[in-house]
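Asker: Following this message is one structure expressed as structure tokens.
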Amino acid sequence: MKNRLSILLFFAMTVVATGFVSCSEDDLGPSIFDTKDYPLDKSLYSFPLDTFLKVNFLEPYNVKYIYRMEDIGSDMTKNLTPASYEKSVQLAVLSKYLWYDIYEMYGTPLFLKQNSPRIIHVIGSKNLNPSQGTEVLGVAEGGLKITLYNANDLNPSNIDHMNEYFFKTMHHEFGHILDQTHLRPTAFNLISSGKYDASTWTNLPDSMAAGRGFVSPYAGSAAGEDWVEVLANYVTRDTLSWAALMRAAAFEWEEVDMTRSDYTKRASGANLDTVGYYRQHDNGEEKVYRKVCARNANDYVALDEEGHVQWLNKTGVHGDEIILQKLEMVRNWLKDNWNINIDDIRREVQRRQYMTNPDGSFMFDNRGRLINKLTQPSDEDPSITTMEYLVKWVTNYKSLQ
């Protein structure tokens, strides 16, 4: 097994910003940045990206998109590096394509200008916590700033990785900002009350988290994180991934002490047992996680008279029903406060990420996987890929130099 940090990533930290303070008598007006026309240095190699960011983020939404890493705005305790220009371009156009443009389609005209973060700060390297075995994917500070890490690993040909590191993080952090504007329903905090654990979520496998009613291990750390994880996961998970999550959540899972050899022996005879999967934690622990079912004296599956597995639910928790209950609260909250339909947002995100047929249904390859639209010929210009077409949003500004 490759040496790596925990596969359960630390999706976000919401902290109180101390750098943005104003007196009650100050009149900041509608903008905290100067959005008036000003000359950009056309001699700079970065002029096209600087112009794109001014036209597409600063002017319409009053958002300062920073890709030149600023030490003063970074985690000074970490050894961080800036994002490359190429990756900064890709992340900027994808942020517009998969985030801002979609909310612009389904929100009110002022929704993004009123609720968007004022600063998006992009860092090239990862932000690791070796002592905890976690990785910070993003930080939302006081509803004003979102910091995104690991931009140099952005890979548009791998949508799962791209969503995990960037767009799920964006929607997660954006959800925190919206939650600060209109608080989530108090009833949501009670659904999984007593089940949140801020200290051990990093060792909780996805399946066990789902069986307890959480869309991710990190959702089990606190009610506030649970809320935005439901929003972010539903928006960015594709149809197949969401269905797999709900299937896992429909069962109760248990942790079993078992040696690797025993696990391999029993898992190879899948018809003899329901062993789910083996996992070695970063601290060296070896565990097996399996669905709970009736077992005989030898700890093998006890089938019923018709030869079917007898699934058990000892805790009475139905994870799939809990997740859907939480999702319905998020759905109503977005609709009631902003007249935004989360299903429209999710559908448009997937339509822009994956290939569709003329009737709107998704296309699949010969292995039953969704087809990445970013790597396929663009609808606007079939001679280039969709990703190459998006990058031209920036490179077209070279003509002004």
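Each chain in the structure tokens gets a letter, A, B, ..., in the order shown, and its residues are numbered from 1; ligands are numbered from 1 in order too.
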Check the DSSP output for the backbone and give back, as a PyMOL selection string, the residues of range 31-166 of chain A in helix (DSSP H, G or I).
Answerer: chain A and resi 47-61+71-73+85-106+111-115+151-153+159-166
Asker: Run DSSP on the backbone of this structure and report the residues of range 175-259 of chain A it assigns to strand (DSSP E), as a PyMOL selection string.
Answerer: chain A and resi 253-256
Asker: Can those selected residues be exported to a file as a JSON list (two decimals), in the first residue's frame so that it contains N, CA and C atoms?
Answerer:
[["chain", "number", "residue", "atom", "x", "y", "z"],
["A", 253, "TRP", "N", -23.44, -1.40, 8.89],
["A", 253, "TRP", "CA", -22.11, -1.96, 8.71],
["A", 253, "TRP", "C", -21.46, -2.18, 10.07],
["A", 254, "GLU", "N", -20.56, -3.16, 10.11],
["A", 254, "GLU", "CA", -19.84, -3.44, 11.35],
["A", 254, "GLU", "C", -18.35, -3.56, 11.09],
["A", 255, "GLU", "N", -17.58, -3.26, 12.12],
["A", 255, "GLU", "CA", -16.13, -3.35, 12.05],
["A", 255, "GLU", "C", -15.70, -4.66, 12.69],
["A", 256, "VAL", "N", -14.83, -5.41, 12.00],
["A", 256, "VAL", "CA", -14.43, -6.73, 12.47],
["A", 256, "VAL", "C", -12.92, -6.82, 12.56]]
Asker: Using only C-alpha atoms, find each residue in range 219-309 of chain A having at least one atom no more than 7 Å away from range 328-348 of chain A; report its shortest atom-to-atom pair and that distance in Å (one decimal), rows by chain then rising number, as CSV.
Answerer:
residue,atom,partner,partner_atom,distance
A:Leu231,CA,A:Val330,CA,6.7
A:Val235,CA,A:Arg346,CA,4.4
A:Thr236,CA,A:Arg346,CA,6.7
Asker: Could you please take those selected residues and save all heavy atoms as a short mmCIF file (atom, residue, chain, number, x, y, z; two decimals), in the first residue's frame?
Answerer:
data_model
loop_
_atom_site.label_atom_id
_atom_site.label_comp_id
_atom_site.auth_asym_id
_atom_site.auth_seq_id
_atom_site.Cartn_x
_atom_site.Cartn_y
_atom_site.Cartn_z
N LEU A 231 -25.32 19.25 0.80
CA LEU A 231 -25.46 20.13 -0.37
C LEU A 231 -24.37 19.84 -1.40
O LEU A 231 -24.66 19.61 -2.58
CB LEU A 231 -25.40 21.59 0.09
CG LEU A 231 -25.69 22.69 -0.93
CD1 LEU A 231 -26.10 23.98 -0.22
CD2 LEU A 231 -24.51 22.98 -1.84
N VAL A 235 -24.84 17.92 -5.18
CA VAL A 235 -24.62 18.71 -6.40
C VAL A 235 -23.53 18.09 -7.27
O VAL A 235 -23.65 18.05 -8.50
CB VAL A 235 -24.26 20.16 -6.04
CG1 VAL A 235 -23.73 20.92 -7.25
CG2 VAL A 235 -25.48 20.88 -5.47
N THR A 236 -22.47 17.58 -6.68
CA THR A 236 -21.31 17.15 -7.47
C THR A 236 -21.23 15.65 -7.73
O THR A 236 -20.53 15.23 -8.66
CB THR A 236 -20.00 17.59 -6.78
OG1 THR A 236 -19.93 17.02 -5.47
CG2 THR A 236 -19.93 19.10 -6.67
#
Asker: Leaving out range 169-181 of chain A and any residue of its chain fewer than 6 positions from it, which residues lie within 9 Å of it when counting only C-alpha atoms, given as a ChimeraX atom specification?
Answerer: /A:11-14,95,99,115-117,137-144,146,148,163,224-225,227-233,235-236
Asker: Quick one: write out the picked residues with C-alpha atoms as a PDB file, in the first residue's frame?
Answerer:
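Everything below was put into part_20.pdb:
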ATOM      1  CA  PHE A  11     -13.076  18.801   3.405  1.00  0.00           C
ATOM      2  CA  ALA A  12     -13.106  22.221   5.085  1.00  0.00           C
ATOM      3  CA  MET A  13     -12.541  24.381   8.123  1.00  0.00           C
ATOM      4  CA  THR A  14     -14.740  27.338   8.832  1.00  0.00           C
ATOM      5  CA  SER A  95     -15.033  27.948 -11.717  1.00  0.00           C
ATOM      6  CA  TRP A  99     -20.103  27.209 -10.433  1.00  0.00           C
ATOM      7  CA  ASN A 115     -23.829  35.903  -1.458  1.00  0.00           C
ATOM      8  CA  SER A 116     -20.615  35.043  -3.274  1.00  0.00           C
ATOM      9  CA  PRO A 117     -17.345  35.196  -1.333  1.00  0.00           C
ATOM     10  CA  LEU A 137      -9.093  21.076   0.812  1.00  0.00           C
ATOM     11  CA  GLY A 138     -10.498  24.522   1.413  1.00  0.00           C
ATOM     12  CA  VAL A 139     -11.155  27.181   4.016  1.00  0.00           C
ATOM     13  CA  ALA A 140     -14.076  29.616   4.287  1.00  0.00           C
ATOM     14  CA  GLU A 141     -13.298  32.677   6.367  1.00  0.00           C
ATOM     15  CA  GLY A 142     -16.101  34.748   7.824  1.00  0.00           C
ATOM     16  CA  GLY A 143     -18.243  34.552   4.703  1.00  0.00           C
ATOM     17  CA  LEU A 144     -15.750  36.765   2.842  1.00  0.00           C
ATOM     18  CA  ILE A 146     -12.551  31.019   0.196  1.00  0.00           C
ATOM     19  CA  LEU A 148      -8.608  26.509  -2.466  1.00  0.00           C
ATOM     20  CA  ASN A 163     -14.888  17.301  -7.992  1.00  0.00           C
ATOM     21  CA  GLY A 224     -22.753  22.454  10.375  1.00  0.00           C
ATOM     22  CA  GLU A 225     -20.401  20.313   8.298  1.00  0.00           C
ATOM     23  CA  TRP A 227     -25.405  20.368   6.362  1.00  0.00           C
ATOM     24  CA  VAL A 228     -22.990  21.670   3.725  1.00  0.00           C
ATOM     25  CA  GLU A 229     -21.690  18.180   2.921  1.00  0.00           C
ATOM     26  CA  VAL A 230     -25.220  17.130   1.963  1.00  0.00           C
ATOM     27  CA  LEU A 231     -25.458  20.127  -0.368  1.00  0.00           C
ATOM     28  CA  ALA A 232     -21.986  19.705  -1.886  1.00  0.00           C
ATOM     29  CA  ASN A 233     -22.178  15.934  -2.346  1.00  0.00           C
ATOM     30  CA  VAL A 235     -24.618  18.705  -6.400  1.00  0.00           C
ATOM     31  CA  THR A 236     -21.307  17.147  -7.469  1.00  0.00           C
TER      32      THR A 236
END
Asker: Quote the spacing between CA of Glu306 in chain A and CA of Asp320 in chain A in Å to one decimal place.
Answerer: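 It comes out at 26.4 Å.
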Asker: List as number ranges by chain the protein and nucleic acid residues near Lys96 in chain A, meaning an atom at most 12 Å away when only C-alpha atoms are counted, but skip any in the same chain fewer than 2 places from it.
Answerer: A: 52-53, 55-57, 60-61, 63, 65, 89-94, 98-105, 112, 167, 170, 349, 352, 390-391, 393-394
Asker: Work out how far CA of Tyr218 in chain A is from CA of Asp206 in chain A, in Å to one decimal.
Answerer: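 Separating CA of Asp206 in chain A from CA of Tyr218 in chain A is a distance of 9.4 Å.
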Asker: How far is it from CA of Asn313 in chain A to CA of Cys293 in chain A, in Å with one decimal?
Answerer: 8.0 Å
Asker: Which residues, written as an MDAnalysis selection string, have at least one atom at most 10 Å from range 365-370 of chain A, with only C-alpha atoms counted and residues fewer than 5 positions away on the same chain left out?
Answerer: chainID A and resid 238:240 350 353:356
Asker: Considering only C-alpha atoms, state which residue in the set A:Ala222, A:Val309, A:Ser399, A:Ser207 is at the smallest distance from Tyr289 in chain A.
Answerer: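 Residue with the minimum atom-to-atom distance to Tyr289 in chain A: A:Ser207.
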Asker: Could you make a table, as a tab-separated table, of the residues of range 211-306 of chain A that have an atom within 12 Å of an atom of range 120-136 of chain A, each with its nearest atom pair and distance in Å to one decimal, counting only C-alpha atoms, in chain and number order?
Answerer:
residue	atom	partner	partner_atom	distance
A:Pro217	CA	A:Thr134	CA	12.0
A:Tyr218	CA	A:Thr134	CA	10.7
A:His281	CA	A:Gly133	CA	9.9
A:Asp282	CA	A:Gly133	CA	7.4
A:Asn283	CA	A:Gly133	CA	9.2
Asker: Export, as a PDB file, in the first residue's frame, the selected residues with C-alpha atoms.
Answerer:
ATOM      1  CA  PRO A 217     -17.085  10.776   7.046  1.00  0.00           C
ATOM      2  CA  TYR A 218     -16.499  14.504   7.515  1.00  0.00           C
ATOM      3  CA  HIS A 281      -5.466   2.605   8.585  1.00  0.00           C
ATOM      4  CA  ASP A 282      -2.531   5.000   8.627  1.00  0.00           C
ATOM      5  CA  ASN A 283      -1.759   4.010  12.210  1.00  0.00           C
TER       6      ASN A 283
END
Asker: Write out as a compact mmCIF listing (two decimals) with C-alpha atoms, in the first residue's frame which residues come within 7 Å of Lys398 in chain A when counting only C-alpha atoms, dropping same-chain ones fewer than 3 positions away.
Answerer:
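Once everything was written out, this is out09.txt:
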# COMPACT_ATOMS: atom_id res chain seq x y z
CA PRO A 48 -5.14 37.43 -20.64
CA THR A 395 -6.43 33.12 -24.43
CA GLN A 401 -1.96 42.84 -26.24
